[in-house]
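Source file: input.cif. Holds: mmCIF, C-alpha atoms and all ligand atoms.
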```cif
data_my_file
#
loop_
_atom_site.label_atom_id
_atom_site.label_comp_id
_atom_site.auth_asym_id
_atom_site.auth_seq_id
_atom_site.Cartn_x
_atom_site.Cartn_y
_atom_site.Cartn_z
CA MET W 1 0.00 0.00 0.00
CA GLY W 2 1.22 3.47 -0.77
CA SER W 3 2.04 5.90 1.99
CA PHE W 4 1.43 9.64 2.07
CA PRO W 5 3.70 12.56 2.97
CA GLU W 6 3.61 14.26 6.37
CA GLU W 7 1.80 17.32 5.03
CA PHE W 8 -0.98 15.26 3.39
CA VAL W 9 -4.32 16.46 4.82
CA TRP W 10 -6.71 13.86 6.21
CA GLY W 11 -10.31 14.80 6.79
CA VAL W 12 -14.00 14.00 6.68
CA SER W 13 -16.84 15.92 5.05
CA THR W 14 -20.48 16.70 5.78
CA SER W 15 -22.99 19.28 4.57
CA ALA W 16 -25.45 21.56 6.33
CA TYR W 17 -28.83 20.32 5.12
CA GLN W 18 -27.76 16.70 5.48
CA ILE W 19 -26.86 16.89 9.18
CA GLU W 20 -27.89 20.12 10.92
CA GLY W 21 -31.64 19.80 11.43
CA ALA W 22 -33.05 22.74 13.45
CA ALA W 23 -34.81 23.75 10.27
CA ARG W 24 -37.05 26.30 11.94
CA GLU W 25 -34.81 27.48 14.74
CA ASP W 26 -33.08 30.74 15.58
CA GLY W 27 -34.37 32.60 12.56
CA ARG W 28 -33.22 30.22 9.82
CA GLY W 29 -34.99 30.85 6.51
CA GLU W 30 -36.31 28.15 4.20
CA SER W 31 -34.20 26.54 1.52
CA ILE W 32 -35.22 24.83 -1.71
CA TRP W 33 -34.58 21.50 0.05
CA ASP W 34 -37.12 22.32 2.77
CA THR W 35 -39.71 22.94 0.08
CA PHE W 36 -38.75 19.99 -2.08
CA SER W 37 -38.56 17.43 0.70
CA ARG W 38 -42.02 18.38 1.94
CA GLU W 39 -43.54 17.71 -1.48
CA GLU W 40 -45.19 14.34 -1.71
CA GLY W 41 -43.26 11.59 -3.45
CA ARG W 42 -39.97 13.47 -3.75
CA ILE W 43 -37.96 11.71 -1.02
CA ALA W 44 -37.88 8.03 -0.12
CA GLY W 45 -40.03 7.40 2.93
CA GLY W 46 -41.19 11.04 2.97
CA ASP W 47 -38.02 11.97 4.90
CA THR W 48 -36.95 15.59 5.36
CA GLY W 49 -33.91 17.34 6.81
CA ASP W 50 -35.98 18.94 9.59
CA VAL W 51 -34.08 17.06 12.30
CA ALA W 52 -31.43 15.09 10.39
CA CYS W 53 -28.51 14.35 12.80
CA ASP W 54 -29.52 17.24 15.04
CA HIS W 55 -25.96 18.47 14.59
CA TYR W 56 -27.12 22.03 15.30
CA HIS W 57 -27.52 20.99 18.93
CA ARG W 58 -25.07 18.09 19.10
CA TYR W 59 -22.09 19.64 17.33
CA GLY W 60 -20.05 19.36 20.56
CA ARG W 61 -20.35 15.57 20.49
CA ASP W 62 -19.52 15.57 16.78
CA ILE W 63 -16.37 17.58 17.40
CA GLU W 64 -15.37 14.98 20.02
CA LEU W 65 -15.76 12.31 17.34
CA LEU W 66 -13.56 14.28 14.96
CA LYS W 67 -10.92 14.58 17.65
CA GLN W 68 -11.10 10.89 18.37
CA LEU W 69 -10.76 10.16 14.66
CA GLY W 70 -7.60 12.24 14.51
CA VAL W 71 -8.44 14.13 11.31
CA ASP W 72 -6.43 17.22 10.40
CA ALA W 73 -9.46 18.96 8.93
CA TYR W 74 -13.24 18.90 8.81
CA ARG W 75 -15.13 20.09 5.76
CA PHE W 76 -18.65 21.29 6.45
CA SER W 77 -20.98 23.66 4.68
CA ILE W 78 -22.78 26.80 5.74
CA SER W 79 -26.52 26.98 5.34
CA TRP W 80 -27.06 30.14 3.28
CA PRO W 81 -30.66 30.63 4.59
CA ARG W 82 -29.47 30.27 8.19
CA VAL W 83 -27.17 33.25 7.63
CA LEU W 84 -29.35 35.25 5.24
CA PRO W 85 -32.96 34.09 5.67
CA GLU W 86 -34.08 35.99 2.56
CA GLY W 87 -30.94 35.05 0.66
CA LYS W 88 -29.75 38.66 0.60
CA GLY W 89 -29.88 41.74 2.78
CA ARG W 90 -30.72 41.09 6.43
CA VAL W 91 -28.13 39.00 8.31
CA ASN W 92 -29.36 36.52 10.93
CA ARG W 93 -26.79 36.96 13.71
CA LYS W 94 -27.98 33.81 15.51
CA GLY W 95 -27.22 31.79 12.41
CA LEU W 96 -23.69 33.13 12.19
CA ASP W 97 -23.27 32.54 15.93
CA PHE W 98 -23.80 28.83 15.39
CA TYR W 99 -20.91 28.69 12.91
CA ASP W 100 -18.81 30.78 15.27
CA ARG W 101 -19.30 28.21 18.00
CA LEU W 102 -18.58 25.37 15.59
CA VAL W 103 -15.37 26.94 14.30
CA ASP W 104 -14.15 27.77 17.81
CA GLY W 105 -14.89 24.23 18.97
CA LEU W 106 -13.01 22.75 16.03
CA LEU W 107 -9.97 24.93 16.60
CA GLU W 108 -9.96 24.02 20.26
CA ALA W 109 -9.98 20.35 19.26
CA GLY W 110 -7.06 20.92 16.86
CA VAL W 111 -9.16 20.30 13.74
CA ALA W 112 -8.90 22.81 10.88
CA PRO W 113 -12.30 24.05 9.65
CA TRP W 114 -12.68 23.84 5.87
CA VAL W 115 -15.74 25.92 5.09
CA CYS W 116 -17.82 25.17 2.02
CA LEU W 117 -20.14 28.04 1.14
CA TYR W 118 -22.78 26.27 -0.89
CA HIS W 119 -23.94 22.68 -0.77
CA TRP W 120 -27.23 22.88 -2.70
CA ASP W 121 -29.49 24.59 -0.12
CA LEU W 122 -30.40 27.76 -1.98
CA PRO W 123 -32.64 30.11 0.04
CA GLN W 124 -36.24 29.61 -1.06
CA ALA W 125 -36.68 33.40 -1.22
CA LEU W 126 -34.10 33.52 -4.03
CA GLU W 127 -35.69 30.55 -5.77
CA ASP W 128 -38.94 32.51 -5.74
CA SER W 129 -37.30 35.25 -7.76
CA GLY W 130 -35.73 32.85 -10.28
CA GLY W 131 -32.99 31.06 -8.31
CA TRP W 132 -30.10 29.81 -10.41
CA LEU W 133 -32.04 30.59 -13.59
CA ASP W 134 -31.53 34.25 -12.79
CA ARG W 135 -28.09 35.85 -13.29
CA ASP W 136 -28.53 38.06 -10.24
CA THR W 137 -28.28 35.03 -7.98
CA ALA W 138 -24.56 34.81 -8.85
CA TRP W 139 -24.02 38.30 -7.36
CA TYR W 140 -26.14 37.48 -4.30
CA PHE W 141 -23.89 34.47 -3.79
CA ALA W 142 -20.79 36.67 -3.84
CA ASP W 143 -22.39 39.00 -1.26
CA TYR W 144 -23.26 36.05 0.94
CA ALA W 145 -19.72 34.64 0.60
CA GLU W 146 -18.40 38.01 1.75
CA THR W 147 -20.71 38.00 4.80
CA VAL W 148 -19.48 34.57 5.88
CA ALA W 149 -15.80 35.31 5.22
CA ASP W 150 -16.13 38.54 7.12
CA SER W 151 -17.46 36.72 10.14
CA LEU W 152 -15.35 33.53 10.17
CA GLY W 153 -12.30 34.53 8.14
CA ASP W 154 -10.24 35.54 11.15
CA ARG W 155 -10.14 31.87 12.23
CA VAL W 156 -10.66 29.91 9.02
CA ASP W 157 -8.00 29.66 6.37
CA ARG W 158 -9.74 27.51 3.74
CA PHE W 159 -12.90 28.38 1.91
CA LEU W 160 -14.52 26.19 -0.71
CA LEU W 161 -16.84 28.15 -2.96
CA MET W 162 -19.25 25.49 -4.18
CA ASN W 163 -19.99 21.82 -3.81
CA GLU W 164 -20.62 19.93 -7.06
CA PRO W 165 -22.41 22.58 -9.13
CA ASN W 166 -22.34 20.05 -11.99
CA VAL W 167 -24.40 17.49 -10.03
CA HIS W 168 -26.67 20.21 -8.64
CA ALA W 169 -27.44 21.38 -12.19
CA LEU W 170 -27.82 17.87 -13.55
CA LEU W 171 -30.07 16.39 -10.87
CA GLY W 172 -31.92 19.56 -9.92
CA TYR W 173 -32.45 21.18 -13.33
CA LEU W 174 -32.15 18.47 -15.98
CA LEU W 175 -33.36 15.26 -14.33
CA GLY W 176 -35.62 16.89 -11.74
CA ILE W 177 -34.85 14.38 -8.99
CA HIS W 178 -33.25 16.92 -6.65
CA ALA W 179 -34.44 20.36 -5.57
CA PRO W 180 -35.76 22.44 -7.15
CA GLY W 181 -37.13 19.62 -9.32
CA ARG W 182 -36.88 21.21 -12.76
CA HIS W 183 -36.18 19.30 -15.91
CA SER W 184 -35.31 20.94 -19.15
CA ILE W 185 -32.13 21.42 -21.11
CA GLY W 186 -32.59 25.19 -21.14
CA GLU W 187 -32.93 25.34 -17.35
CA PHE W 188 -29.95 23.04 -16.93
CA ALA W 189 -27.83 25.33 -19.13
CA ALA W 190 -28.90 28.48 -17.29
CA ALA W 191 -28.39 26.96 -13.84
CA ALA W 192 -24.98 25.50 -14.70
CA HIS W 193 -23.76 28.76 -16.19
CA HIS W 194 -24.96 30.90 -13.29
CA LEU W 195 -23.45 28.48 -10.78
CA ASN W 196 -20.15 28.75 -12.67
CA LEU W 197 -20.45 32.51 -12.71
CA ALA W 198 -21.22 32.59 -8.98
CA THR W 199 -18.10 30.53 -8.29
CA GLY W 200 -15.96 33.00 -10.20
CA LEU W 201 -17.55 36.06 -8.61
CA GLY W 202 -17.34 34.56 -5.12
CA TYR W 203 -13.69 33.72 -5.72
CA GLU W 204 -12.91 37.26 -6.85
CA ARG W 205 -14.67 38.76 -3.84
CA LEU W 206 -12.84 36.59 -1.31
CA ARG W 207 -9.47 36.89 -3.06
CA HIS W 208 -9.58 40.63 -2.51
CA MET W 209 -10.67 40.34 1.12
CA GLY W 210 -8.00 38.08 2.59
CA ASP W 211 -5.23 35.62 1.89
CA TRP W 212 -7.21 32.45 2.43
CA GLN W 213 -6.64 29.25 0.50
CA LEU W 214 -9.53 29.17 -1.95
CA GLY W 215 -10.90 26.20 -3.83
CA THR W 216 -14.08 24.80 -5.26
CA ILE W 217 -15.45 21.29 -5.53
CA LEU W 218 -16.54 19.26 -8.55
CA ASN W 219 -17.87 15.74 -8.65
CA LEU W 220 -16.10 14.09 -11.56
CA GLU W 221 -15.95 10.58 -12.87
CA PRO W 222 -14.58 8.84 -15.95
CA VAL W 223 -17.19 8.08 -18.59
CA HIS W 224 -16.76 4.84 -20.51
CA ALA W 225 -18.56 3.62 -23.60
CA GLY W 226 -20.62 0.62 -22.49
CA ARG W 227 -20.39 -1.02 -25.91
CA GLU W 228 -17.89 -1.06 -28.73
CA GLY W 229 -18.47 1.29 -31.65
CA ASP W 230 -17.84 4.89 -32.65
CA GLU W 231 -21.43 5.89 -31.94
CA HIS W 232 -21.06 4.79 -28.31
CA GLU W 233 -17.68 6.54 -27.98
CA GLU W 234 -19.26 9.69 -29.34
CA VAL W 235 -22.11 9.74 -26.86
CA SER W 236 -19.76 8.95 -24.00
CA SER W 237 -17.95 12.17 -24.85
CA LEU W 238 -21.30 14.01 -24.96
CA PHE W 239 -22.28 12.55 -21.59
CA ASP W 240 -18.87 13.56 -20.21
CA ALA W 241 -19.61 17.12 -21.35
CA PHE W 242 -22.96 17.20 -19.53
CA ARG W 243 -21.75 15.30 -16.47
CA ASN W 244 -18.22 16.63 -15.88
CA ARG W 245 -16.93 19.21 -18.30
CA VAL W 246 -19.87 21.62 -18.02
CA CYS W 247 -18.16 23.02 -14.92
CA LEU W 248 -14.61 21.72 -15.23
CA ASP W 249 -13.76 23.22 -18.62
CA PRO W 250 -15.03 26.76 -17.93
CA LEU W 251 -13.18 26.82 -14.61
CA LEU W 252 -9.83 25.50 -15.82
CA LYS W 253 -9.90 26.30 -19.54
CA GLY W 254 -12.25 29.25 -19.76
CA GLU W 255 -14.51 27.59 -22.33
CA TYR W 256 -17.49 25.27 -22.55
CA PRO W 257 -17.20 21.91 -24.34
CA ALA W 258 -18.11 22.46 -27.99
CA GLN W 259 -21.03 19.98 -27.74
CA LEU W 260 -22.72 22.22 -25.17
CA ALA W 261 -22.13 25.57 -26.88
CA PRO W 262 -25.53 25.77 -28.66
CA MET W 263 -27.55 25.32 -25.49
CA LEU W 264 -25.47 27.92 -23.64
CA GLU W 265 -25.66 30.63 -26.28
CA ALA W 266 -28.71 32.24 -24.72
CA VAL W 267 -27.17 32.62 -21.26
CA VAL W 268 -23.46 33.39 -21.73
CA ARG W 269 -22.70 37.11 -21.92
CA ASP W 270 -19.54 38.98 -22.88
CA GLY W 271 -16.94 38.81 -20.14
CA ASP W 272 -18.54 35.85 -18.32
CA MET W 273 -15.88 33.34 -19.29
CA GLN W 274 -13.14 35.61 -17.94
CA GLN W 275 -15.01 35.73 -14.63
CA ILE W 276 -15.36 31.98 -14.52
CA ARG W 277 -11.85 30.89 -15.43
CA ARG W 278 -9.86 30.92 -12.20
CA GLU W 279 -6.63 29.56 -10.90
CA MET W 280 -7.85 28.29 -7.56
CA ASP W 281 -5.39 27.28 -4.86
CA PHE W 282 -6.80 23.80 -5.15
CA LEU W 283 -9.56 21.83 -6.80
CA GLY W 284 -11.79 19.70 -4.58
CA LEU W 285 -12.55 16.40 -6.26
CA ASN W 286 -15.53 14.30 -5.14
CA LEU W 287 -15.28 10.87 -6.68
CA TYR W 288 -17.31 7.70 -6.27
CA GLY W 289 -17.11 5.64 -9.47
CA ARG W 290 -17.55 5.78 -13.22
CA SER W 291 -20.37 6.02 -15.75
CA ARG W 292 -20.98 3.53 -18.55
CA VAL W 293 -23.15 4.83 -21.36
CA ILE W 294 -24.47 3.86 -24.76
CA LEU W 295 -26.23 5.59 -27.62
CA ASP W 296 -29.98 5.49 -27.17
CA PRO W 297 -31.92 7.89 -29.40
CA GLY W 298 -35.00 7.41 -27.21
CA SER W 299 -33.30 8.79 -24.08
CA LEU W 300 -32.82 12.35 -22.96
CA VAL W 301 -30.00 13.86 -25.07
CA GLY W 302 -29.65 10.47 -26.81
CA VAL W 303 -27.51 8.79 -24.14
CA ARG W 304 -28.43 6.05 -21.70
CA GLU W 305 -26.53 5.06 -18.58
CA LEU W 306 -26.03 1.33 -18.35
CA GLY W 307 -25.16 0.92 -14.70
CA PRO W 308 -22.49 -1.51 -13.47
CA PRO W 309 -21.51 -4.50 -15.60
CA GLU W 310 -22.83 -7.88 -14.57
CA GLY W 311 -21.07 -9.34 -11.58
CA ALA W 312 -19.53 -6.03 -10.50
CA GLN W 313 -19.71 -5.15 -6.81
CA ARG W 314 -22.26 -2.41 -6.08
CA THR W 315 -22.82 -0.15 -3.14
CA ASP W 316 -26.24 0.29 -1.59
CA MET W 317 -26.78 3.23 -3.96
CA GLY W 318 -26.43 0.77 -6.86
CA TRP W 319 -23.13 2.40 -7.83
CA GLU W 320 -20.29 0.25 -9.08
CA VAL W 321 -17.28 -0.18 -6.82
CA TYR W 322 -14.59 0.82 -9.32
CA PRO W 323 -11.46 2.13 -7.54
CA GLN W 324 -9.60 2.50 -10.83
CA ALA W 325 -11.86 5.52 -11.51
CA MET W 326 -9.86 7.47 -8.95
CA TYR W 327 -6.60 6.85 -10.80
CA GLU W 328 -8.10 7.55 -14.22
CA GLN W 329 -9.70 10.82 -13.13
CA LEU W 330 -6.57 12.09 -11.40
CA LEU W 331 -4.48 11.27 -14.45
CA GLU W 332 -6.93 13.06 -16.70
CA LEU W 333 -6.56 16.16 -14.52
CA ARG W 334 -2.79 15.76 -14.73
CA ASP W 335 -2.70 15.31 -18.49
CA LYS W 336 -5.54 17.45 -19.82
CA TYR W 337 -5.95 20.17 -17.20
CA GLY W 338 -2.41 21.15 -16.26
CA ASN W 339 -2.14 19.04 -13.10
CA PRO W 340 -3.85 21.41 -10.64
CA PRO W 341 -3.39 20.84 -6.89
CA VAL W 342 -6.22 18.50 -5.93
CA VAL W 343 -7.78 17.53 -2.63
CA ILE W 344 -10.17 14.57 -2.64
CA THR W 345 -13.01 16.28 -0.78
CA GLU W 346 -15.38 13.28 -0.87
CA ASN W 347 -15.07 9.56 -1.36
CA GLY W 348 -17.03 6.85 0.39
CA ALA W 349 -19.83 4.35 0.12
CA ALA W 350 -23.30 3.52 1.36
CA PHE W 351 -23.68 -0.07 2.43
CA GLU W 352 -26.49 -1.75 4.26
CA ASP W 353 -25.04 -1.70 7.76
CA ARG W 354 -26.20 -4.38 10.16
CA PRO W 355 -25.60 -3.30 13.75
CA ASP W 356 -25.23 -6.00 16.39
CA ALA W 357 -27.17 -5.90 19.65
CA THR W 358 -24.89 -3.17 21.01
CA GLY W 359 -25.20 -1.04 17.88
CA HIS W 360 -21.70 -1.87 16.63
CA VAL W 361 -21.32 -2.13 12.85
CA ALA W 362 -18.63 -4.38 11.34
CA ASP W 363 -18.67 -2.58 7.98
CA THR W 364 -15.91 -4.50 6.26
CA GLU W 365 -17.24 -3.58 2.80
CA ARG W 366 -16.91 0.14 3.53
CA THR W 367 -13.39 -0.29 4.88
CA ALA W 368 -12.37 -2.33 1.85
CA TYR W 369 -13.88 0.33 -0.44
CA LEU W 370 -11.99 3.17 1.22
CA ALA W 371 -8.71 1.21 1.26
CA ALA W 372 -9.03 0.34 -2.43
CA TYR W 373 -9.75 3.94 -3.51
CA LEU W 374 -6.97 5.29 -1.32
CA GLU W 375 -4.56 2.90 -2.92
CA GLN W 376 -5.47 4.43 -6.28
CA VAL W 377 -4.86 7.91 -4.86
CA ALA W 378 -1.39 6.76 -3.83
CA ARG W 379 -0.82 5.23 -7.26
CA ALA W 380 -1.86 8.45 -9.01
CA ARG W 381 0.43 10.46 -6.74
CA GLU W 382 3.32 8.19 -7.66
CA ALA W 383 2.48 8.89 -11.29
CA GLY W 384 2.81 12.61 -10.63
CA ALA W 385 -0.78 13.71 -9.90
CA ASP W 386 -0.68 16.59 -7.44
CA VAL W 387 -3.02 15.25 -4.72
CA ARG W 388 -2.69 16.95 -1.36
CA GLY W 389 -5.41 15.54 0.83
CA TYR W 390 -8.26 13.09 1.24
CA PHE W 391 -11.64 13.56 2.95
CA ALA W 392 -13.94 10.61 3.52
CA TRP W 393 -17.67 11.01 2.94
CA SER W 394 -19.04 11.09 5.53
CA LEU W 395 -18.49 11.55 9.25
CA LEU W 396 -22.09 10.58 10.06
CA ASP W 397 -24.94 8.66 8.49
CA ASN W 398 -27.14 11.47 7.22
CA PHE W 399 -29.93 12.68 4.95
CA GLU W 400 -28.97 11.29 1.56
CA TRP W 401 -31.09 13.68 -0.52
CA ALA W 402 -33.75 11.88 -2.61
CA GLU W 403 -32.85 8.63 -0.83
CA GLY W 404 -33.64 10.00 2.64
CA TYR W 405 -32.08 8.26 5.65
CA GLY W 406 -32.12 4.80 4.09
CA LYS W 407 -28.64 5.06 2.59
CA ARG W 408 -25.87 5.23 5.13
CA PHE W 409 -22.48 6.69 4.20
CA GLY W 410 -21.18 7.40 7.72
CA LEU W 411 -18.05 6.24 9.48
CA VAL W 412 -20.25 6.76 12.53
CA ARG W 413 -23.65 5.12 12.81
CA VAL W 414 -26.49 7.43 13.76
CA ASP W 415 -29.56 5.98 15.41
CA PHE W 416 -32.12 8.45 14.09
CA GLU W 417 -34.57 7.60 16.87
CA THR W 418 -32.23 8.39 19.76
CA GLN W 419 -29.52 10.40 17.93
CA GLU W 420 -26.93 8.10 19.47
CA ARG W 421 -23.61 8.07 17.57
CA ILE W 422 -21.68 4.79 17.41
CA PRO W 423 -18.36 4.66 15.51
CA LYS W 424 -18.31 1.83 12.98
CA ALA W 425 -15.34 -0.46 12.31
CA SER W 426 -14.44 1.78 9.34
CA PHE W 427 -14.05 4.71 11.77
CA HIS W 428 -11.37 2.79 13.71
CA TRP W 429 -9.71 1.71 10.49
CA TYR W 430 -9.61 5.31 9.22
CA ARG W 431 -8.18 6.51 12.53
CA GLU W 432 -5.33 4.02 12.22
CA THR W 433 -4.77 4.93 8.58
CA ILE W 434 -4.49 8.61 9.49
CA ALA W 435 -2.17 7.89 12.40
CA ARG W 436 0.17 5.88 10.16
CA ASN W 437 -0.26 8.09 7.08
CA GLU W 438 -0.89 4.94 5.15
CA PRO W 439 -3.96 2.79 4.45
CA VAL W 440 -3.87 -0.07 6.91
CA ALA W 441 -4.22 -3.48 5.32
CA GLY W 442 -7.17 -5.67 6.25
CA SER W 443 -10.16 -4.60 8.26
CA ARG W 444 -11.31 -4.94 11.80
CA GLY W 445 -14.80 -6.16 12.44
O1 LIG W 501 -24.34 12.85 -0.04
C1 LIG W 501 -23.77 13.29 -1.24
C2 LIG W 501 -23.12 14.66 -1.06
O2 LIG W 501 -24.02 15.58 -0.57
C3 LIG W 501 -22.58 15.16 -2.37
N1 LIG W 501 -21.73 14.18 -2.98
C4 LIG W 501 -22.21 12.82 -3.09
C5 LIG W 501 -22.71 12.34 -1.74
C6 LIG W 501 -23.25 10.89 -1.85
O3 LIG W 501 -24.31 10.83 -2.75
#
```

Write out the structure in this file as structure tokens.
Amino acid sequence: MGSFPEEFVWGVSTSAYQIEGAAREDGRGESIWDTFSREEGRIAGGDTGDVACDHYHRYGRDIELLKQLGVDAYRFSISWPRVLPEGKGRVNRKGLDFYDRLVDGLLEAGVAPWVCLYHWDLPQALEDSGGWLDRDTAWYFADYAETVADSLGDRVDRFLLMNEPNVHALLGYLLGIHAPGRHSIGEFAAAAHHLNLATGLGYERLRHMGDWQLGTILNLEPVHAGREGDEHEEVSSLFDAFRNRVCLDPLLKGEYPAQLAPMLEAVVRDGDMQQIRREMDFLGLNLYGRSRVILDPGSLVGVRELGPPEGAQRTDMGWEVYPQAMYEQLLELRDKYGNPPVVITENGAAFEDRPDATGHVADTERTAYLAAYLEQVARAREAGADVRGYFAWSLLDNFEWAEGYGKRFGLVRVDFETQERIPKASFHWYRETIARNEPVAGSRG
């Protein structure tokens, strides 16, 4: 197994709507996920993030877990409507106070706070005036970023502008299975472009305010043709443009993939691409697997996802366990995008955990998954990819968006009835891995 240098950053990630709960407390405004999850049929089991892991009240216990885990850093996100209930204008001091307490607690525990400014929970008030379909939202985002940086920036030295705008646009605006539940190519194009613009504007605002390390996060994965033939290769490149390059290329190359240009014509204005292209201090990469696609004229945009090949191991999400994806994606960034500094800001797996009578979970599959993907990170580093850190997804079992609480990604089990936290075997494995700076072989049940 490969080992990692002393300065390699080990962490875990979470996001606000998925863990905080306290949806109606201390002046928090509504987000598009509050609205969406209360609509019938949107979320498995009718779950909502109203309570989630009750992290808003139990953050002290969660910081203890982070300390016990021995991570260098903790990536969490700020709930925009908790800070600005109307999305702009009036600041909710109580909301900011919560993040103050969280940051202070983390620093006291010796864990560096990595603050992500947007993880999909757009204030409903902004959605009501157009949301990401409206250009103005990009400027409101920059104002909000400034408010947060102004308040926490004296103690935080890493800000991450956005989490996975590409997935947000795809699932929320093209496929309609995430908030705000829209599905058209035009809305996808507008949302993706305005999210890209917001990232650039937010970056510019923060760059001029302080000397923080600034990055942004994309969820990328290799796209493979699921069958032989030029037509399948061609649509895999089209799918790659929709899935990955719609945000990656503008950010690192200052241009959209040619296949997407026609649909973006109506929304891109002069000067936008200069705003969007940025040399961030690092790129956050969230990676879980790969896509396999084929030509299918009957499907949306003519491409169909095949899912894992027969016999392949799957996670509880139905995703293929394909560690090689990590290596392939990192090498693509090395070869086609100038080898930017990368931090793996998410990687992990949902498996059907079976707790014993004491609540202990011997999640050997999760441990094996993490070890296998980490090995590919080490391999890519040896091949020259500039990878500087790794964050597991996620600290806690949490609200997995359209899947509700049924899919568990945590290193720590959460009993959603009692809110008890019980570290799983993978938690102990990760602690040892961090302590040794090297993935530990085998797993402990
Ligand atoms: O839970 C999500 C997270 O919010 C964004 N990245 C993927 C994770 C697993 O689906």

Who sits within 10 Å of Val440 (chain W), only C-alpha atoms, same chain under 4 positions skipped, as a compact mmCIF listing (two decimals) with C-alpha atoms, in the frame of the given file:
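File produced: result.txt:
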```txt
# COMPACT_ATOMS: atom_id res chain seq x y z
CA MET W 1 0.00 0.00 0.00
CA GLY W 2 1.22 3.47 -0.77
CA SER W 3 2.04 5.90 1.99
CA THR W 367 -13.39 -0.29 4.88
CA ALA W 371 -8.71 1.21 1.26
CA TRP W 429 -9.71 1.71 10.49
CA TYR W 430 -9.61 5.31 9.22
CA ARG W 431 -8.18 6.51 12.53
CA GLU W 432 -5.33 4.02 12.22
CA THR W 433 -4.77 4.93 8.58
CA ILE W 434 -4.49 8.61 9.49
CA ALA W 435 -2.17 7.89 12.40
CA ARG W 436 0.17 5.88 10.16
```

Need to verify the contact set: region 412-419 of chain W, 7 Å, all atoms listed in the file, exclusion of same-chain residues closer than 3 positions in sequence. Can you return it as a PyMOL selection string? chain W and resi 53+395-397+422-424+427

Using the selection just defined, write its residues with C-alpha atoms as a PDB file, in the coordinates of the input.
```pdb
ATOM      1  CA  CYS W  53     -28.510  14.350  12.800  1.00  0.00           C
ATOM      2  CA  LEU W 395     -18.490  11.550   9.250  1.00  0.00           C
ATOM      3  CA  LEU W 396     -22.090  10.580  10.060  1.00  0.00           C
ATOM      4  CA  ASP W 397     -24.940   8.660   8.490  1.00  0.00           C
ATOM      5  CA  ILE W 422     -21.680   4.790  17.410  1.00  0.00           C
ATOM      6  CA  PRO W 423     -18.360   4.660  15.510  1.00  0.00           C
ATOM      7  CA  LYS W 424     -18.310   1.830  12.980  1.00  0.00           C
ATOM      8  CA  PHE W 427     -14.050   4.710  11.770  1.00  0.00           C
TER       9      PHE W 427
END
```

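Nearest-residue note for ligand LIG 501 (chain W): choosing from W:Leu218, W:Ala372, W:Ala312, W:Leu260, the minimum distance belongs to W:Leu218, counting only C-alpha atoms and all ligand atoms.
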
Report as a tab-separated table: every residue of chain W with an atom at most 8 Å from ligand LIG 501 (chain W), its closest pair of atoms, and their distance in Å to one decimal, counting only C-alpha atoms and all ligand atoms, with rows sorted by chain and ascending residue number.
```
residue	atom	partner	partner_atom	distance
W:Thr14	CA	W:LIG501	O2	7.4
W:Ser15	CA	W:LIG501	O2	6.4
W:Gln18	CA	W:LIG501	O2	7.2
W:His119	CA	W:LIG501	O2	7.1
W:Asn163	CA	W:LIG501	C3	7.3
W:Glu164	CA	W:LIG501	C3	7.0
W:Asn219	CA	W:LIG501	N1	7.0
W:Asn286	CA	W:LIG501	N1	6.6
W:Tyr288	CA	W:LIG501	C4	7.8
W:Glu346	CA	W:LIG501	N1	6.8
W:Gly348	CA	W:LIG501	C6	7.7
W:Ala349	CA	W:LIG501	C6	7.6
W:Trp393	CA	W:LIG501	C5	7.0
W:Ser394	CA	W:LIG501	O1	7.9
W:Asn398	CA	W:LIG501	O1	7.9
W:Phe399	CA	W:LIG501	O1	7.5
W:Glu400	CA	W:LIG501	O1	5.1
W:Trp401	CA	W:LIG501	O1	6.8
W:Phe409	CA	W:LIG501	C6	7.4
```

At most 9 Å is the cut-off: for each residue in region 277-339 of chain W with any atom that close to an atom of region 181-200 of chain W, write down the nearest atom pair and the distance in Å rounded to one decimal, counting only C-alpha atoms, chain first then increasing number, as CSV.
```
residue,atom,partner,partner_atom,distance
W:Arg277,CA,W:Gly200,CA,7.0
W:Arg278,CA,W:Gly200,CA,6.7
W:Val301,CA,W:Ile185,CA,8.8
```

Residues within 9 Å of Val9 (chain W), please, as a ChimeraX atom specification. Count all atoms listed in the file; anything in the same chain fewer than 3 positions from it doesn't count. /W:6,71-73,343,388-391
